[in-house]
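Each remark here refers to the structure printed beneath this line.
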Amino acid sequence: MKDIQLPIDQRLEQLREPYISELPESVRNRMDRTYQIIDEMLPGRKRRSRKNRWLRRVLISTAGVASLGIVMIFSGLASPAIAQTLKQIPFMNSVFKLVGDLGLQTAGEKGMVTSVNQRVSHKGVTLTISEMMYDGSRLSLVLSREDANAAKESFFQLWNKQRMLSKRANNIDFYMGDKQINTGMGLQPGGEHAPQSIIVTALDSADLELPDSFEMKMVVYLADVDENYEFLFPIKKDTERTIILKTSETKSHDSINMTIDRVEITPITTRLLVGVHGASGEEDYCKMLDAIPDNYKVDGFLNLEFDIEDEQGNEQNAIAGNGSGEGKGMVFSTSYEPFKVKPSFIIIKPFVRKGPDKNYIPQLEFKLPVR
């Protein structure tokens, strides 16, 4: 246990012997060079030259074969102690752990991250799905791009630029069998340690119902490649660790008739589904919307948002939200980071945003026990 308290460079020095002496010469040479590079990158080391600064950036962002080969050698041949030490070096960590929200950061510890490792290449551009998480409330996966002629910008920057300027816009479609899933999609950059990766989040749309397990096809369209990238992998909902809350209560205020359709609490996500309906017997969406005062709307659309608090007043951070209106009313879906401790009850607080201010609507608040 005392070794764990030593600086990383001392731990690496102790751990590489005697293991490295038992490896083939070519492998030892590559590992020696890697240890040298790591030593140069450690906190407190004096940066010797502009070349070293450039090398550090390349090592953090690279998805090249040589670097992957070194990581594979470590994973397959290193002792558990070496593996644990390497996990503390940022560029060898999961993208979820590096830049994900609280739920994604802890998903690996909960055993809810699946290794996908699928690669598809067209015309010198390779897309890879490395890891995935699906808790039944949202799907998140890491999508990375490898391109020999890549520009200086990150994958996230390139994606957004091409989506705005190109006729063949960057996009992703999801399918269950041959049927396209009607879901929205959110993107998050991989950050400085994974600039050629993005986190894609989907399957959290309002009014979306999916089976507990199915095979999903994901089709990615890139503006600068005229062929589609297709990935196929199984999706399975982790229902054993999901708490579902429901209530038949309806609350009304200013012609807003609100119900809590469902609250899903998982170790990774808290998801809220809210319904807004017209007056009793009213089944026309447009008439329902017309009856609601304009101070609840933006551009004619009902602009409700929702905070969730536990019994201690701890507010959960919202990570995604969407709404749709059709038929008899509207349905809103909002996803939040997970509760750190299972609450005794939750309070759902609707509000309308006016600039930076939240105008809460206490008449529409709900308090639900968590069993």
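Residues are referred to by chain and number: the chain letter is A, B, ... according to the order shown in the structure tokens, the number counts from 1 in that chain, and ligands are numbered separately from 1 in the order shown.
Close contacts of Asn303 (chain A), defined as residues with an atom at most 12 Å away when counting only C-alpha atoms, with chain neighbours fewer than 6 positions off set aside, comprise A:Ile256, A:Val276, A:Leu289, A:Ile292, A:Pro293, A:Asp294, A:Asn295, A:Tyr296, A:Lys297, A:Gly321, A:Asn322, A:Gly323, A:Ser324, A:Gly325, A:Met330, A:Val331, A:Phe332, A:Pro350, A:Phe351, A:Val352, A:Arg353, A:Lys354, A:Lys358, A:Asn359.
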So that I can check the surroundings of region 308-320 of chain A, please list as JSON, numbers by chain every protein, DNA and RNA residue that reaches within 6 Å of it, counting only C-alpha atoms and ignoring chain neighbours fewer than 2 positions away.
{"A": [334, 335, 336, 337, 343, 345, 346, 347, 348]}
Could you save those same residues with C-alpha atoms as a tab-separated table (two decimals), in the first residue's frame?
```tsv
chain	number	residue	atom	x	y	z
A	334	THR	CA	-35.72	15.78	-19.40
A	335	SER	CA	-32.65	13.80	-18.31
A	336	TYR	CA	-30.58	14.62	-15.23
A	337	GLU	CA	-27.43	13.41	-13.56
A	343	PRO	CA	-33.85	10.02	-2.02
A	345	PHE	CA	-38.95	11.60	-2.13
A	346	ILE	CA	-38.45	14.01	-5.03
A	347	ILE	CA	-39.99	17.40	-5.82
A	348	ILE	CA	-40.69	18.32	-9.45
```
With 12 Å as the cut-off and only C-alpha atoms counted, what is the closest atom pair between each nearby residue of region 209-319 of chain A and region 124-134 of chain A? Distances in Å to one decimal, ordered by chain and number, as a Markdown table.
```
| residue | atom | partner | partner_atom | distance |
| --- | --- | --- | --- | --- |
| A:Asp212 | CA | A:Tyr134 | CA | 10.6 |
| A:Ser213 | CA | A:Tyr134 | CA | 10.5 |
| A:Phe214 | CA | A:Tyr134 | CA | 11.9 |
| A:Met216 | CA | A:Tyr134 | CA | 11.8 |
| A:Met218 | CA | A:Ile129 | CA | 10.2 |
| A:Val219 | CA | A:Leu127 | CA | 11.0 |
| A:Val220 | CA | A:Leu127 | CA | 8.9 |
| A:Tyr221 | CA | A:Leu127 | CA | 10.6 |
| A:Leu222 | CA | A:Val125 | CA | 9.7 |
| A:Ala223 | CA | A:Val125 | CA | 11.7 |
| A:Asp224 | CA | A:Val125 | CA | 9.3 |
| A:Val225 | CA | A:Val125 | CA | 7.9 |
| A:Asp226 | CA | A:Val125 | CA | 11.1 |
| A:Glu227 | CA | A:Val125 | CA | 10.5 |
| A:Asn228 | CA | A:Leu127 | CA | 10.6 |
| A:Tyr229 | CA | A:Leu127 | CA | 7.5 |
| A:Glu230 | CA | A:Leu127 | CA | 9.6 |
| A:Phe231 | CA | A:Ile129 | CA | 8.3 |
| A:Leu232 | CA | A:Ile129 | CA | 10.4 |
| A:Phe233 | CA | A:Met132 | CA | 10.1 |
| A:Pro234 | CA | A:Tyr134 | CA | 10.5 |
| A:Ile235 | CA | A:Tyr134 | CA | 7.2 |
| A:Lys236 | CA | A:Tyr134 | CA | 7.2 |
| A:Lys237 | CA | A:Tyr134 | CA | 6.4 |
| A:Asp238 | CA | A:Tyr134 | CA | 7.6 |
| A:Thr239 | CA | A:Tyr134 | CA | 10.6 |
| A:Thr242 | CA | A:Tyr134 | CA | 11.9 |
| A:Thr266 | CA | A:Tyr134 | CA | 10.5 |
| A:Pro267 | CA | A:Tyr134 | CA | 11.2 |
| A:Ile268 | CA | A:Tyr134 | CA | 9.1 |
| A:Thr269 | CA | A:Tyr134 | CA | 9.8 |
```
Would you mind writing down, as a list of chain:residue names, each residue of region 91-158 of chain A that DSSP on the backbone assigns to alpha helix (DSSP H)?
A:Val95, A:Phe96, A:Lys97, A:Leu98, A:Val99, A:Leu102, A:Gly103, A:Leu104, A:Gln105, A:Thr106, A:Ala107, A:Phe155, A:Phe156, A:Gln157, A:Leu158
Got time to write the residues from that selection, all heavy atoms, as a CSV table (one decimal), in the first residue's frame?
```csv
chain,number,residue,atom,x,y,z
A,95,VAL,N,-13.2,7.9,-22.3
A,95,VAL,CA,-13.7,9.2,-22.7
A,95,VAL,C,-14.8,9.6,-21.8
A,95,VAL,O,-15.0,10.7,-21.3
A,95,VAL,CB,-14.1,9.3,-24.2
A,95,VAL,CG1,-14.7,10.7,-24.5
A,95,VAL,CG2,-12.9,9.0,-25.1
A,96,PHE,N,-15.7,8.6,-21.4
A,96,PHE,CA,-16.7,8.8,-20.5
A,96,PHE,C,-16.2,9.3,-19.2
A,96,PHE,O,-16.7,10.3,-18.6
A,96,PHE,CB,-17.5,7.5,-20.2
A,96,PHE,CG,-18.4,7.1,-21.3
A,96,PHE,CD1,-18.9,5.8,-21.4
A,96,PHE,CD2,-18.9,8.0,-22.2
A,96,PHE,CE1,-19.8,5.3,-22.4
A,96,PHE,CE2,-19.7,7.6,-23.2
A,96,PHE,CZ,-20.2,6.3,-23.3
A,97,LYS,N,-15.1,8.7,-18.7
A,97,LYS,CA,-14.6,9.1,-17.4
A,97,LYS,C,-13.9,10.5,-17.5
A,97,LYS,O,-14.0,11.3,-16.5
A,97,LYS,CB,-13.5,8.1,-16.9
A,97,LYS,CG,-13.0,8.4,-15.5
A,97,LYS,CD,-12.1,7.2,-15.1
A,97,LYS,CE,-11.6,7.5,-13.6
A,97,LYS,NZ,-10.7,6.4,-13.2
A,98,LEU,N,-13.4,10.9,-18.6
A,98,LEU,CA,-12.6,12.1,-18.7
A,98,LEU,C,-13.6,13.3,-18.9
A,98,LEU,O,-13.4,14.4,-18.2
A,98,LEU,CB,-11.7,12.1,-20.0
A,98,LEU,CG,-10.5,11.2,-19.8
A,98,LEU,CD1,-9.8,11.1,-21.2
A,98,LEU,CD2,-9.5,11.7,-18.8
A,99,VAL,N,-14.6,13.2,-19.7
A,99,VAL,CA,-15.4,14.4,-20.0
A,99,VAL,C,-16.9,14.2,-19.8
A,99,VAL,O,-17.7,15.1,-20.1
A,99,VAL,CB,-15.1,14.9,-21.4
A,99,VAL,CG1,-13.7,15.4,-21.6
A,99,VAL,CG2,-15.5,13.9,-22.5
A,102,LEU,N,-21.7,13.3,-14.5
A,102,LEU,CA,-21.5,12.4,-13.4
A,102,LEU,C,-22.0,11.0,-13.6
A,102,LEU,O,-21.3,10.0,-13.1
A,102,LEU,CB,-22.3,13.0,-12.2
A,102,LEU,CG,-22.2,12.2,-10.9
A,102,LEU,CD1,-20.8,12.1,-10.4
A,102,LEU,CD2,-23.1,12.9,-9.8
A,103,GLY,N,-23.1,10.8,-14.3
A,103,GLY,CA,-23.6,9.5,-14.6
A,103,GLY,C,-22.6,8.7,-15.4
A,103,GLY,O,-22.3,7.5,-15.1
A,104,LEU,N,-22.1,9.3,-16.5
A,104,LEU,CA,-21.2,8.6,-17.4
A,104,LEU,C,-19.8,8.3,-16.7
A,104,LEU,O,-19.2,7.3,-16.9
A,104,LEU,CB,-20.9,9.4,-18.7
A,104,LEU,CG,-22.1,9.5,-19.6
A,104,LEU,CD1,-21.8,10.3,-20.8
A,104,LEU,CD2,-22.6,8.1,-20.0
A,105,GLN,N,-19.4,9.2,-15.8
A,105,GLN,CA,-18.2,9.0,-15.1
A,105,GLN,C,-18.2,7.8,-14.2
A,105,GLN,O,-17.2,7.1,-13.9
A,105,GLN,CB,-17.8,10.3,-14.3
A,105,GLN,CG,-17.4,11.5,-15.2
A,105,GLN,CD,-17.2,12.7,-14.3
A,105,GLN,OE1,-17.2,12.7,-13.1
A,105,GLN,NE2,-17.1,13.9,-15.0
A,106,THR,N,-19.4,7.5,-13.6
A,106,THR,CA,-19.5,6.4,-12.7
A,106,THR,C,-20.1,5.2,-13.3
A,106,THR,O,-20.1,4.1,-12.7
A,106,THR,CB,-20.5,6.8,-11.5
A,106,THR,OG1,-21.7,7.2,-12.1
A,106,THR,CG2,-19.9,8.0,-10.8
A,107,ALA,N,-20.4,5.2,-14.6
A,107,ALA,CA,-21.0,4.1,-15.3
A,107,ALA,C,-20.0,2.9,-15.3
A,107,ALA,O,-20.5,1.7,-15.1
A,107,ALA,CB,-21.4,4.4,-16.7
A,155,PHE,N,-12.8,16.8,-33.8
A,155,PHE,CA,-13.9,16.1,-34.5
A,155,PHE,C,-15.2,16.9,-34.3
A,155,PHE,O,-16.1,17.1,-35.2
A,155,PHE,CB,-14.1,14.7,-34.0
A,155,PHE,CG,-15.1,13.8,-34.8
A,155,PHE,CD1,-15.6,14.2,-36.0
A,155,PHE,CD2,-15.5,12.6,-34.2
A,155,PHE,CE1,-16.5,13.4,-36.7
A,155,PHE,CE2,-16.4,11.8,-34.9
A,155,PHE,CZ,-16.9,12.2,-36.1
A,156,PHE,N,-15.4,17.4,-33.1
A,156,PHE,CA,-16.6,18.1,-32.7
A,156,PHE,C,-16.7,19.4,-33.5
A,156,PHE,O,-17.8,19.8,-34.0
A,156,PHE,CB,-16.6,18.4,-31.2
A,156,PHE,CG,-17.9,19.1,-30.7
A,156,PHE,CD1,-19.1,18.4,-30.5
A,156,PHE,CD2,-17.9,20.5,-30.4
A,156,PHE,CE1,-20.2,19.0,-30.0
A,156,PHE,CE2,-19.0,21.1,-30.0
A,156,PHE,CZ,-20.1,20.4,-29.8
A,157,GLN,N,-15.6,20.1,-33.6
A,157,GLN,CA,-15.6,21.4,-34.4
A,157,GLN,C,-15.9,21.1,-35.9
A,157,GLN,O,-16.6,21.8,-36.5
A,157,GLN,CB,-14.3,22.1,-34.2
A,157,GLN,CG,-14.0,22.6,-32.8
A,157,GLN,CD,-12.6,23.1,-32.6
A,157,GLN,OE1,-11.7,22.5,-33.1
A,157,GLN,NE2,-12.5,24.2,-31.8
A,158,LEU,N,-15.2,20.1,-36.4
A,158,LEU,CA,-15.4,19.7,-37.8
A,158,LEU,C,-16.8,19.3,-38.1
A,158,LEU,O,-17.4,19.7,-39.1
A,158,LEU,CB,-14.4,18.6,-38.2
A,158,LEU,CG,-14.5,18.1,-39.6
A,158,LEU,CD1,-14.1,19.2,-40.6
A,158,LEU,CD2,-13.6,16.9,-39.8
```
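Of the residues under consideration (A:Glu249, A:Leu302, A:Asn160, A:Pro211), A:Pro211 shows the shortest atom-to-atom contact distance to Ile181 (chain A) when counting only C-alpha atoms.
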So which one's closest to Thr247 (chain A), A:Asp204, A:Asp261, A:Asp135, A:Asp299? Using only C-alpha atoms, please.
A:Asp261
